[in-house]
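Listing of target.cif, mmCIF, C-alpha atoms
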data_upload
loop_
_atom_site.group_PDB
_atom_site.id
_atom_site.type_symbol
_atom_site.label_atom_id
_atom_site.label_comp_id
_atom_site.auth_asym_id
_atom_site.auth_seq_id
_atom_site.Cartn_x
_atom_site.Cartn_y
_atom_site.Cartn_z
ATOM 1 C CA ASP A 1108 -71.855 -13.822 39.914
ATOM 2 C CA GLY A 1109 -72.014 -10.334 38.455
ATOM 3 C CA GLY A 1110 -70.337 -9.787 35.159
ATOM 4 C CA ILE A 1111 -70.462 -9.370 31.415
ATOM 5 C CA THR A 1112 -70.952 -12.219 29.001
ATOM 6 C CA GLN A 1113 -70.276 -12.245 25.305
ATOM 7 C CA SER A 1114 -71.224 -14.982 22.931
ATOM 8 C CA PRO A 1115 -70.036 -16.763 21.021
ATOM 9 C CA LYS A 1116 -66.303 -16.822 21.767
ATOM 10 C CA TYR A 1117 -65.423 -17.592 18.149
ATOM 11 C CA LEU A 1118 -67.570 -16.785 15.133
ATOM 12 C CA PHE A 1119 -67.044 -17.546 11.479
ATOM 13 C CA ARG A 1120 -69.104 -15.959 8.745
ATOM 14 C CA LYS A 1121 -69.032 -15.757 4.992
ATOM 15 C CA GLU A 1122 -68.293 -12.459 3.343
ATOM 16 C CA GLY A 1123 -71.457 -10.464 2.667
ATOM 17 C CA GLN A 1124 -73.408 -11.831 5.618
ATOM 18 C CA ASN A 1125 -74.530 -9.730 8.546
ATOM 19 C CA VAL A 1126 -73.660 -11.123 11.966
ATOM 20 C CA THR A 1127 -74.794 -10.117 15.464
ATOM 21 C CA LEU A 1128 -72.544 -10.332 18.513
ATOM 22 C CA SER A 1129 -74.202 -10.666 21.879
ATOM 23 C CA CYS A 1130 -73.296 -8.719 25.038
ATOM 24 C CA GLU A 1131 -75.174 -9.076 28.314
ATOM 25 C CA GLN A 1132 -74.378 -7.607 31.738
ATOM 26 C CA ASN A 1133 -75.938 -8.086 35.174
ATOM 27 C CA LEU A 1134 -73.960 -5.346 36.907
ATOM 28 C CA ASN A 1135 -76.870 -2.901 36.700
ATOM 29 C CA HIS A 1136 -74.633 -0.551 34.712
ATOM 30 C CA ASP A 1137 -76.238 2.149 32.605
ATOM 31 C CA ALA A 1138 -73.400 2.571 30.111
ATOM 32 C CA MET A 1139 -72.191 -0.051 27.648
ATOM 33 C CA TYR A 1140 -69.502 -0.004 24.966
ATOM 34 C CA TRP A 1141 -68.256 -1.956 21.977
ATOM 35 C CA TYR A 1142 -64.570 -1.956 21.095
ATOM 36 C CA ARG A 1143 -62.623 -3.556 18.331
ATOM 37 C CA GLN A 1144 -59.017 -4.701 18.618
ATOM 38 C CA ASP A 1145 -56.715 -5.429 15.713
ATOM 39 C CA PRO A 1146 -53.085 -6.576 15.909
ATOM 40 C CA GLY A 1147 -50.790 -3.655 16.697
ATOM 41 C CA GLN A 1148 -53.669 -1.309 17.458
ATOM 42 C CA GLY A 1149 -55.253 -0.120 20.658
ATOM 43 C CA LEU A 1150 -58.884 -0.542 21.600
ATOM 44 C CA ARG A 1151 -61.025 1.428 19.183
ATOM 45 C CA LEU A 1152 -64.542 2.464 20.161
ATOM 46 C CA ILE A 1153 -67.293 1.391 17.772
ATOM 47 C CA TYR A 1154 -70.479 2.421 19.560
ATOM 48 C CA TYR A 1155 -71.490 3.274 23.096
ATOM 49 C CA SER A 1156 -74.715 3.716 24.994
ATOM 50 C CA GLN A 1157 -75.096 5.799 28.131
ATOM 51 C CA ILE A 1158 -78.695 4.806 28.784
ATOM 52 C CA VAL A 1159 -81.430 2.514 27.484
ATOM 53 C CA ASN A 1160 -82.855 3.458 24.079
ATOM 54 C CA ASP A 1161 -79.941 5.774 23.348
ATOM 55 C CA PHE A 1162 -76.556 5.190 21.723
ATOM 56 C CA GLN A 1163 -73.811 7.176 20.008
ATOM 57 C CA LYS A 1164 -71.255 6.438 17.341
ATOM 58 C CA GLY A 1165 -67.700 5.930 18.447
ATOM 59 C CA ASP A 1166 -64.599 6.444 16.364
ATOM 60 C CA ILE A 1167 -65.155 3.608 13.854
ATOM 61 C CA ALA A 1168 -68.929 3.130 13.597
ATOM 62 C CA GLU A 1169 -69.154 2.692 9.821
ATOM 63 C CA GLY A 1170 -70.462 -0.753 8.886
ATOM 64 C CA TYR A 1171 -71.794 -1.484 12.366
ATOM 65 C CA SER A 1172 -75.154 -1.057 14.068
ATOM 66 C CA VAL A 1173 -76.366 -1.479 17.647
ATOM 67 C CA SER A 1174 -79.534 -1.419 19.711
ATOM 68 C CA ARG A 1175 -80.147 -0.841 23.400
ATOM 69 C CA GLU A 1176 -83.692 -1.942 24.122
ATOM 70 C CA LYS A 1177 -82.833 -3.325 27.546
ATOM 71 C CA LYS A 1178 -80.398 -2.138 30.178
ATOM 72 C CA GLU A 1179 -78.743 -5.559 30.306
ATOM 73 C CA SER A 1180 -78.168 -6.047 26.608
ATOM 74 C CA PHE A 1181 -76.190 -4.234 23.896
ATOM 75 C CA PRO A 1182 -75.941 -6.379 20.745
ATOM 76 C CA LEU A 1183 -73.616 -5.353 17.925
ATOM 77 C CA THR A 1184 -74.393 -6.155 14.291
ATOM 78 C CA VAL A 1185 -71.491 -6.295 11.883
ATOM 79 C CA THR A 1186 -73.016 -5.581 8.503
ATOM 80 C CA SER A 1187 -71.804 -6.461 5.043
ATOM 81 C CA ALA A 1188 -70.845 -2.783 4.657
ATOM 82 C CA GLN A 1189 -67.967 -3.219 7.117
ATOM 83 C CA LYS A 1190 -64.948 -3.568 4.824
ATOM 84 C CA ASN A 1191 -62.651 -5.425 7.164
ATOM 85 C CA PRO A 1192 -64.745 -7.149 9.822
ATOM 86 C CA THR A 1193 -62.279 -9.829 10.934
ATOM 87 C CA ALA A 1194 -61.172 -8.718 14.412
ATOM 88 C CA PHE A 1195 -61.503 -9.277 18.137
ATOM 89 C CA TYR A 1196 -64.567 -7.540 19.613
ATOM 90 C CA LEU A 1197 -64.818 -6.524 23.252
ATOM 91 C CA CYS A 1198 -67.900 -5.338 25.095
ATOM 92 C CA ALA A 1199 -67.664 -3.292 28.280
ATOM 93 C CA SER A 1200 -69.934 -1.545 30.760
ATOM 94 C CA SER A 1201 -69.605 1.192 33.359
ATOM 95 C CA THR A 1202 -71.797 3.001 35.858
ATOM 96 C CA GLY A 1203 -74.028 5.687 34.425
ATOM 97 C CA LEU A 1204 -73.667 9.434 34.259
ATOM 98 C CA ALA A 1205 -75.248 10.071 37.672
ATOM 99 C CA GLU A 1206 -72.464 8.154 39.417
ATOM 100 C CA ALA A 1207 -69.793 8.798 36.856
ATOM 101 C CA GLN A 1208 -67.928 11.316 38.959
ATOM 102 C CA SER A 1209 -66.933 8.686 41.486
ATOM 103 C CA SER A 1210 -66.193 5.892 39.044
ATOM 104 C CA TYR A 1211 -64.422 8.036 36.430
ATOM 105 C CA ASN A 1212 -65.812 5.688 33.822
ATOM 106 C CA GLU A 1213 -64.032 2.554 35.074
ATOM 107 C CA GLN A 1214 -65.009 -0.140 32.612
ATOM 108 C CA PHE A 1215 -65.719 -3.818 33.114
ATOM 109 C CA PHE A 1216 -65.073 -6.061 30.151
ATOM 110 C CA GLY A 1217 -66.503 -9.229 28.721
ATOM 111 C CA PRO A 1218 -64.302 -12.077 27.426
ATOM 112 C CA GLY A 1219 -64.571 -10.970 23.805
ATOM 113 C CA THR A 1220 -65.669 -12.521 20.524
ATOM 114 C CA ARG A 1221 -63.210 -13.299 17.753
ATOM 115 C CA LEU A 1222 -64.951 -12.834 14.421
ATOM 116 C CA THR A 1223 -63.457 -14.284 11.274
ATOM 117 C CA VAL A 1224 -65.018 -13.513 7.933
ATOM 118 C CA LEU A 1225 -64.087 -16.023 5.255
ATOM 119 C CA ILE B 1293 -56.083 15.264 18.655
ATOM 120 C CA LEU B 1294 -55.953 13.443 21.980
ATOM 121 C CA ASN B 1295 -53.405 10.637 22.139
ATOM 122 C CA VAL B 1296 -52.247 8.238 24.801
ATOM 123 C CA GLU B 1297 -48.834 6.697 24.298
ATOM 124 C CA GLN B 1298 -47.266 3.807 26.139
ATOM 125 C CA SER B 1299 -43.671 2.665 26.224
ATOM 126 C CA PRO B 1300 -42.044 0.319 25.766
ATOM 127 C CA GLN B 1301 -44.266 -1.638 23.396
ATOM 128 C CA SER B 1302 -43.001 -4.918 24.846
ATOM 129 C CA LEU B 1303 -40.731 -6.043 27.610
ATOM 130 C CA HIS B 1304 -39.100 -9.336 28.561
ATOM 131 C CA VAL B 1305 -37.778 -9.715 32.107
ATOM 132 C CA GLN B 1306 -36.573 -12.520 34.327
ATOM 133 C CA GLU B 1307 -38.525 -13.696 37.340
ATOM 134 C CA GLY B 1308 -37.589 -11.552 40.313
ATOM 135 C CA ASP B 1309 -36.668 -8.482 38.262
ATOM 136 C CA SER B 1310 -38.415 -5.213 38.987
ATOM 137 C CA THR B 1311 -39.700 -3.299 36.018
ATOM 138 C CA ASN B 1312 -41.603 -0.189 35.061
ATOM 139 C CA PHE B 1313 -43.307 1.303 32.053
ATOM 140 C CA THR B 1314 -44.739 4.634 31.047
ATOM 141 C CA CYS B 1315 -48.033 6.087 29.916
ATOM 142 C CA SER B 1316 -48.183 9.647 28.569
ATOM 143 C CA PHE B 1317 -51.553 11.300 28.152
ATOM 144 C CA PRO B 1318 -53.112 14.710 27.361
ATOM 145 C CA SER B 1319 -52.737 16.907 30.433
ATOM 146 C CA SER B 1320 -55.340 19.464 29.352
ATOM 147 C CA ASN B 1321 -58.822 19.007 30.829
ATOM 148 C CA PHE B 1322 -57.650 15.887 32.611
ATOM 149 C CA TYR B 1323 -60.123 13.869 34.694
ATOM 150 C CA ALA B 1324 -58.622 10.460 35.340
ATOM 151 C CA LEU B 1325 -56.010 7.948 34.277
ATOM 152 C CA HIS B 1326 -56.817 4.230 34.210
ATOM 153 C CA TRP B 1327 -54.485 1.232 34.249
ATOM 154 C CA TYR B 1328 -55.783 -2.172 33.158
ATOM 155 C CA ARG B 1329 -54.162 -5.590 33.052
ATOM 156 C CA TRP B 1330 -55.087 -7.880 30.158
ATOM 157 C CA GLU B 1331 -53.950 -11.470 30.493
ATOM 158 C CA THR B 1332 -54.098 -13.777 27.492
ATOM 159 C CA ALA B 1333 -57.500 -15.453 27.082
ATOM 160 C CA LYS B 1334 -59.043 -13.269 29.791
ATOM 161 C CA SER B 1335 -60.873 -9.928 29.941
ATOM 162 C CA PRO B 1336 -59.047 -6.674 30.698
ATOM 163 C CA GLU B 1337 -59.298 -5.891 34.418
ATOM 164 C CA ALA B 1338 -58.935 -2.505 36.066
ATOM 165 C CA LEU B 1339 -55.847 -2.098 38.235
ATOM 166 C CA PHE B 1340 -56.007 1.558 39.212
ATOM 167 C CA VAL B 1341 -57.993 4.708 38.557
ATOM 168 C CA MET B 1342 -55.994 7.806 39.443
ATOM 169 C CA THR B 1343 -57.158 11.390 39.494
ATOM 170 C CA LEU B 1344 -54.932 13.664 41.577
ATOM 171 C CA ASN B 1345 -51.493 14.968 40.706
ATOM 172 C CA GLY B 1346 -48.936 13.107 42.801
ATOM 173 C CA ASP B 1347 -51.302 10.175 43.404
ATOM 174 C CA GLU B 1348 -49.600 6.892 44.142
ATOM 175 C CA LYS B 1349 -51.575 3.677 44.273
ATOM 176 C CA LYS B 1350 -50.470 0.170 45.199
ATOM 177 C CA LYS B 1351 -51.899 -3.305 44.815
ATOM 178 C CA GLY B 1352 -49.568 -6.014 46.059
ATOM 179 C CA ARG B 1353 -46.318 -5.785 44.094
ATOM 180 C CA ILE B 1354 -47.777 -3.363 41.550
ATOM 181 C CA SER B 1355 -47.843 0.383 42.066
ATOM 182 C CA ALA B 1356 -48.500 3.438 39.914
ATOM 183 C CA THR B 1357 -47.756 7.140 40.091
ATOM 184 C CA LEU B 1358 -49.419 10.073 38.377
ATOM 185 C CA ASN B 1359 -48.144 13.447 37.172
ATOM 186 C CA THR B 1360 -51.060 15.391 35.720
ATOM 187 C CA LYS B 1361 -49.092 18.587 35.073
ATOM 188 C CA GLU B 1362 -46.715 16.936 32.630
ATOM 189 C CA GLY B 1363 -49.111 14.184 31.563
ATOM 190 C CA TYR B 1364 -47.454 10.916 32.490
ATOM 191 C CA SER B 1365 -47.953 7.905 34.726
ATOM 192 C CA TYR B 1366 -45.546 5.111 35.660
ATOM 193 C CA LEU B 1367 -46.514 1.552 36.480
ATOM 194 C CA TYR B 1368 -44.021 -0.383 38.605
ATOM 195 C CA ILE B 1369 -43.874 -4.111 39.235
ATOM 196 C CA LYS B 1370 -41.585 -5.225 42.033
ATOM 197 C CA GLY B 1371 -40.127 -8.720 41.874
ATOM 198 C CA SER B 1372 -41.902 -9.786 38.677
ATOM 199 C CA GLN B 1373 -43.501 -13.236 38.626
ATOM 200 C CA PRO B 1374 -44.572 -15.293 35.593
ATOM 201 C CA GLU B 1375 -48.212 -14.609 36.495
ATOM 202 C CA ASP B 1376 -47.549 -10.893 35.904
ATOM 203 C CA SER B 1377 -47.170 -11.655 32.195
ATOM 204 C CA ALA B 1378 -49.893 -9.649 30.474
ATOM 205 C CA THR B 1379 -50.537 -6.553 28.424
ATOM 206 C CA TYR B 1380 -50.856 -3.440 30.564
ATOM 207 C CA LEU B 1381 -53.153 -0.802 29.100
ATOM 208 C CA CYS B 1382 -53.588 2.765 30.175
ATOM 209 C CA ALA B 1383 -56.488 5.019 29.248
ATOM 210 C CA SER B 1384 -57.120 8.715 29.816
ATOM 211 C CA LEU B 1385 -60.427 10.388 30.603
ATOM 212 C CA ASN B 1386 -60.460 14.060 29.608
ATOM 213 C CA ALA B 1387 -63.244 16.622 29.791
ATOM 214 C CA GLY B 1388 -64.991 17.446 26.570
ATOM 215 C CA ASN B 1389 -64.609 13.964 25.162
ATOM 216 C CA ASN B 1390 -68.123 12.870 26.163
ATOM 217 C CA ARG B 1391 -66.739 10.510 28.813
ATOM 218 C CA LYS B 1392 -64.955 8.306 26.308
ATOM 219 C CA LEU B 1393 -61.680 6.771 27.402
ATOM 220 C CA ILE B 1394 -58.678 7.255 25.131
ATOM 221 C CA TRP B 1395 -56.654 4.061 25.075
ATOM 222 C CA GLY B 1396 -52.945 3.491 24.636
ATOM 223 C CA LEU B 1397 -51.617 0.533 22.649
ATOM 224 C CA GLY B 1398 -50.394 -1.230 25.763
ATOM 225 C CA THR B 1399 -47.108 -2.635 27.027
ATOM 226 C CA SER B 1400 -46.774 -6.386 26.641
ATOM 227 C CA LEU B 1401 -44.826 -7.867 29.544
ATOM 228 C CA ALA B 1402 -43.364 -11.378 29.493
ATOM 229 C CA VAL B 1403 -41.776 -12.681 32.689
ATOM 230 C CA ASN B 1404 -39.516 -15.670 32.153
ATOM 231 C CA PRO B 1405 -39.284 -18.197 35.009
#
Take the structure in the file and write it out as structure tokens.
Amino acid sequence: DGGITQSPKYLFRKEGQNVTLSCEQNLNHDAMYWYRQDPGQGLRLIYYSQIVNDFQKGDIAEGYSVSREKKESFPLTVTSAQKNPTAFYLCASSTGLAEAQSSYNEQFFGPGTRLTVL
Amino acid sequence: ILNVEQSPQSLHVQEGDSTNFTCSFPSSNFYALHWYRWETAKSPEALFVMTLNGDEKKKGRISATLNTKEGYSYLYIKGSQPEDSATYLCASLNAGNNRKLIWGLGTSLAVNP
């Protein structure tokens, strides 16, 4: 089955600790994204990657870091510098730039990780 | 500033009612308008991707229309069922935004049996 997996589903961490959220896809998509959702707010883009070994900051990148060493994987690290890390985190992927014109950046989402910092 | 707005924020209907909600988006440099359905405890799933002015798309009891000149799209659900209960998100893709989608806050639909 092709799809996107995120783990874990729920994550609890103590304040001041870094934590890494996993995102893996087997859709052969070039582009991957991390979003954050808070109550009463829309999806806000944290980081995105259009191709392996390259990534760009989204609208709320401060306090987060990512890597894209493999096409299938786009882990997100929530660092201690993120002032309000408790949120629901969604990972998504889409086809790459070469095919983007036909897909118009349609995104496929994982099930999300709910992070609670105590 | 590019904004996508959805209304209403939430909606409660009875089973069998037909309903509709609105997404307004930046009309300048428009590429595409996406509708997604997000059911509780599941991942958001794409419903429609629309690109041309006057486009109308349909999937079962759900349909959507697009007006790119004035920057709005309507989503219609005919004969709502409890399984239609979800948050419906729209997102706009505009040129010059480095292919990032701009997301609305969603309309939360609850269909009472």
- request: Select, from B:Lys1361, B:Lys1392, B:Arg1329, B:Arg1353, the residue with the minimum atom-to-atom distance to chain A, counting all atoms listed in the file.
  value: B:Lys1392
message: I need the contact residues of chain B against chain A, so if you could list those with any atom within 10 Å, counting all atoms listed in the file, and return them as an NGL selection string, that would help.
response: :B and (1296 or 1301 or 1323-1328 or 1333-1343 or 1381 or 1383-1386 or 1391-1398)
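In this structure, atom CA of Lys1177 of chain A sits 13.1 Å away from atom CA of Leu1134 of chain A.
Between Arg1221 of chain A and the residues A:Thr1193, A:Ser1174, A:Thr1186, A:Asn1135, the shortest atom-to-atom distance, using all atoms listed in the file, involves A:Thr1193.
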message: Residues near Lys1178 of chain A, anyone? I mean within 9 Å using only C-alpha atoms, not counting same-chain ones fewer than 3 positions away, as a ChimeraX atom specification.
response: /A:1131-1133,1135-1139,1158-1160,1175,1181
At a cut-off of 8 Å from (-75.5, -11.5, 14.4) in the coordinates of the file, what residues are picked up using all atoms listed in the file, written as a PDB file with C-alpha atoms, in the coordinates of the input?
ATOM      1  CA  ASN A1125     -74.530  -9.730   8.546  1.00  0.00           C
ATOM      2  CA  VAL A1126     -73.660 -11.123  11.966  1.00  0.00           C
ATOM      3  CA  THR A1127     -74.794 -10.117  15.464  1.00  0.00           C
ATOM      4  CA  LEU A1128     -72.544 -10.332  18.513  1.00  0.00           C
ATOM      5  CA  SER A1129     -74.202 -10.666  21.879  1.00  0.00           C
ATOM      6  CA  LEU A1183     -73.616  -5.353  17.925  1.00  0.00           C
ATOM      7  CA  THR A1184     -74.393  -6.155  14.291  1.00  0.00           C
ATOM      8  CA  VAL A1185     -71.491  -6.295  11.883  1.00  0.00           C
TER       9      VAL A1185
END
query: Mind telling me what the PyMOL selection byres ((chain B and resi 1378) around 8) catches here, as a PyMOL selection string?
result: chain B and resi 1329-1332+1375-1377+1379-1380+1400-1402
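Take atom CA of Asp1161 of chain A and atom CA of Val1173 of chain A: the distance between them is 9.9 Å.
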Given 8 Å of margin on each side, can you work out the centre and size in Å (one decimal) of an axis-aligned box holding every listed atom of segment 1375-1393 of chain B, as lines of an AutoDock Vina configuration file?
center_x = -57.6
center_y = 1.4
center_z = 30.8
size_x = 37.0
size_y = 48.1
size_z = 27.3
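Atom to atom, atom CA of Pro1115 of chain A and atom CA of Thr1220 of chain A stand 6.1 Å apart.
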- prompt: Using only C-alpha atoms, which residues sit within 8 Å of Leu1358 of chain B once same-chain residues fewer than 6 positions away are excluded, as number ranges by chain?
  reply: B: 1342-1348, 1364-1366
Which residues, written as a PDB file with C-alpha atoms, keeping the file's coordinate frame, have at least one atom at most 12 Å from Gly1308 of chain B, with all atoms listed in the file counted and residues fewer than 6 positions away on the same chain left out?
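Wrote around.pdb, looks like this:
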ATOM      1  CA  ARG B1353     -46.318  -5.785  44.094  1.00  0.00           C
ATOM      2  CA  ILE B1369     -43.874  -4.111  39.235  1.00  0.00           C
ATOM      3  CA  LYS B1370     -41.585  -5.225  42.033  1.00  0.00           C
ATOM      4  CA  GLY B1371     -40.127  -8.720  41.874  1.00  0.00           C
ATOM      5  CA  SER B1372     -41.902  -9.786  38.677  1.00  0.00           C
ATOM      6  CA  GLN B1373     -43.501 -13.236  38.626  1.00  0.00           C
ATOM      7  CA  PRO B1374     -44.572 -15.293  35.593  1.00  0.00           C
ATOM      8  CA  GLU B1375     -48.212 -14.609  36.495  1.00  0.00           C
ATOM      9  CA  ASP B1376     -47.549 -10.893  35.904  1.00  0.00           C
ATOM     10  CA  VAL B1403     -41.776 -12.681  32.689  1.00  0.00           C
ATOM     11  CA  ASN B1404     -39.516 -15.670  32.153  1.00  0.00           C
ATOM     12  CA  PRO B1405     -39.284 -18.197  35.009  1.00  0.00           C
TER      13      PRO B1405
END
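In terms of minimum interatomic distance to Lys1350 of chain B, B:Leu1367 ranks closest within B:Asn1321, B:Asn1295, B:His1304, B:Leu1367, counting all atoms listed in the file.
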message: Nearest residue to Gly1110 of chain A out of A:Leu1222, A:Gly1123, A:Cys1130, A:Tyr1142, using only C-alpha atoms?
response: A:Cys1130
From (-71.2, -12.6, 6.1), in the file's coordinates, out to 10 Å: which residues are reached, counting all atoms listed in the file? Answer as a JSON list (two decimals) with C-alpha atoms, in the coordinates of the input.
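Generated output (selection.json):
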[["chain", "number", "residue", "atom", "x", "y", "z"],
["A", 1119, "PHE", "CA", -67.04, -17.55, 11.48],
["A", 1120, "ARG", "CA", -69.10, -15.96, 8.74],
["A", 1121, "LYS", "CA", -69.03, -15.76, 4.99],
["A", 1122, "GLU", "CA", -68.29, -12.46, 3.34],
["A", 1123, "GLY", "CA", -71.46, -10.46, 2.67],
["A", 1124, "GLN", "CA", -73.41, -11.83, 5.62],
["A", 1125, "ASN", "CA", -74.53, -9.73, 8.55],
["A", 1126, "VAL", "CA", -73.66, -11.12, 11.97],
["A", 1185, "VAL", "CA", -71.49, -6.30, 11.88],
["A", 1186, "THR", "CA", -73.02, -5.58, 8.50],
["A", 1187, "SER", "CA", -71.80, -6.46, 5.04],
["A", 1188, "ALA", "CA", -70.84, -2.78, 4.66],
["A", 1189, "GLN", "CA", -67.97, -3.22, 7.12],
["A", 1192, "PRO", "CA", -64.74, -7.15, 9.82],
["A", 1223, "THR", "CA", -63.46, -14.28, 11.27],
["A", 1224, "VAL", "CA", -65.02, -13.51, 7.93],
["A", 1225, "LEU", "CA", -64.09, -16.02, 5.26]]
Using N, CA, C and O atoms, give me segment 1123-1138 of chain A from the structure I just pasted, as a PDB file, in the first residue's frame.
ATOM      1  N   GLY A1123      12.248  21.763  27.178  1.00  0.00           N
ATOM      2  CA  GLY A1123      13.703  21.870  27.068  1.00  0.00           C
ATOM      3  C   GLY A1123      14.350  20.732  26.306  1.00  0.00           C
ATOM      4  O   GLY A1123      15.543  20.799  25.999  1.00  0.00           O
ATOM      5  N   GLN A1124      13.586  19.695  26.003  1.00  0.00           N
ATOM      6  CA  GLN A1124      14.138  18.566  25.260  1.00  0.00           C
ATOM      7  C   GLN A1124      13.840  18.728  23.778  1.00  0.00           C
ATOM      8  O   GLN A1124      12.752  19.163  23.406  1.00  0.00           O
ATOM      9  N   ASN A1125      14.818  18.345  22.949  1.00  0.00           N
ATOM     10  CA  ASN A1125      14.541  18.258  21.519  1.00  0.00           C
ATOM     11  C   ASN A1125      13.783  16.962  21.253  1.00  0.00           C
ATOM     12  O   ASN A1125      13.955  15.968  21.959  1.00  0.00           O
ATOM     13  N   VAL A1126      12.960  16.967  20.214  1.00  0.00           N
ATOM     14  CA  VAL A1126      12.234  15.755  19.843  1.00  0.00           C
ATOM     15  C   VAL A1126      12.136  15.695  18.324  1.00  0.00           C
ATOM     16  O   VAL A1126      11.984  16.729  17.660  1.00  0.00           O
ATOM     17  N   THR A1127      12.272  14.483  17.770  1.00  0.00           N
ATOM     18  CA  THR A1127      12.218  14.307  16.317  1.00  0.00           C
ATOM     19  C   THR A1127      10.986  13.514  15.929  1.00  0.00           C
ATOM     20  O   THR A1127      10.734  12.435  16.470  1.00  0.00           O
ATOM     21  N   LEU A1128      10.226  14.075  14.982  1.00  0.00           N
ATOM     22  CA  LEU A1128       9.030  13.423  14.455  1.00  0.00           C
ATOM     23  C   LEU A1128       9.385  12.791  13.119  1.00  0.00           C
ATOM     24  O   LEU A1128      10.012  13.425  12.260  1.00  0.00           O
ATOM     25  N   SER A1129       8.918  11.567  12.946  1.00  0.00           N
ATOM     26  CA  SER A1129       9.262  10.812  11.750  1.00  0.00           C
ATOM     27  C   SER A1129       8.194  10.983  10.672  1.00  0.00           C
ATOM     28  O   SER A1129       6.995  11.069  10.971  1.00  0.00           O
ATOM     29  N   CYS A1130       8.617  11.037   9.406  1.00  0.00           N
ATOM     30  CA  CYS A1130       7.704  11.031   8.269  1.00  0.00           C
ATOM     31  C   CYS A1130       8.343  10.244   7.143  1.00  0.00           C
ATOM     32  O   CYS A1130       9.463  10.574   6.714  1.00  0.00           O
ATOM     33  N   GLU A1131       7.656   9.209   6.690  1.00  0.00           N
ATOM     34  CA  GLU A1131       8.164   8.365   5.611  1.00  0.00           C
ATOM     35  C   GLU A1131       7.077   8.217   4.552  1.00  0.00           C
ATOM     36  O   GLU A1131       5.910   8.075   4.881  1.00  0.00           O
ATOM     37  N   GLN A1132       7.487   8.253   3.261  1.00  0.00           N
ATOM     38  CA  GLN A1132       6.512   8.039   2.193  1.00  0.00           C
ATOM     39  C   GLN A1132       7.080   7.066   1.164  1.00  0.00           C
ATOM     40  O   GLN A1132       8.278   7.062   0.903  1.00  0.00           O
ATOM     41  N   ASN A1133       6.189   6.244   0.600  1.00  0.00           N
ATOM     42  CA  ASN A1133       6.600   5.316  -0.463  1.00  0.00           C
ATOM     43  C   ASN A1133       5.830   5.599  -1.739  1.00  0.00           C
ATOM     44  O   ASN A1133       5.551   4.678  -2.524  1.00  0.00           O
ATOM     45  N   LEU A1134       5.487   6.854  -1.945  1.00  0.00           N
ATOM     46  CA  LEU A1134       4.742   7.284  -3.126  1.00  0.00           C
ATOM     47  C   LEU A1134       5.674   7.742  -4.245  1.00  0.00           C
ATOM     48  O   LEU A1134       5.209   8.173  -5.296  1.00  0.00           O
ATOM     49  N   ASN A1135       6.966   7.701  -3.983  1.00  0.00           N
ATOM     50  CA  ASN A1135       7.968   8.178  -4.938  1.00  0.00           C
ATOM     51  C   ASN A1135       7.799   9.676  -5.242  1.00  0.00           C
ATOM     52  O   ASN A1135       8.112  10.135  -6.346  1.00  0.00           O
ATOM     53  N   HIS A1136       7.301  10.415  -4.258  1.00  0.00           N
ATOM     54  CA  HIS A1136       7.130  11.853  -4.422  1.00  0.00           C
ATOM     55  C   HIS A1136       8.436  12.583  -4.139  1.00  0.00           C
ATOM     56  O   HIS A1136       9.160  12.233  -3.197  1.00  0.00           O
ATOM     57  N   ASP A1137       8.702  13.613  -4.926  1.00  0.00           N
ATOM     58  CA  ASP A1137       9.903  14.412  -4.683  1.00  0.00           C
ATOM     59  C   ASP A1137       9.717  15.417  -3.553  1.00  0.00           C
ATOM     60  O   ASP A1137      10.639  15.718  -2.825  1.00  0.00           O
ATOM     61  N   ALA A1138       8.522  15.996  -3.457  1.00  0.00           N
ATOM     62  CA  ALA A1138       8.302  17.088  -2.509  1.00  0.00           C
ATOM     63  C   ALA A1138       7.659  16.582  -1.217  1.00  0.00           C
ATOM     64  O   ALA A1138       6.766  15.736  -1.243  1.00  0.00           O
TER      65      ALA A1138
END
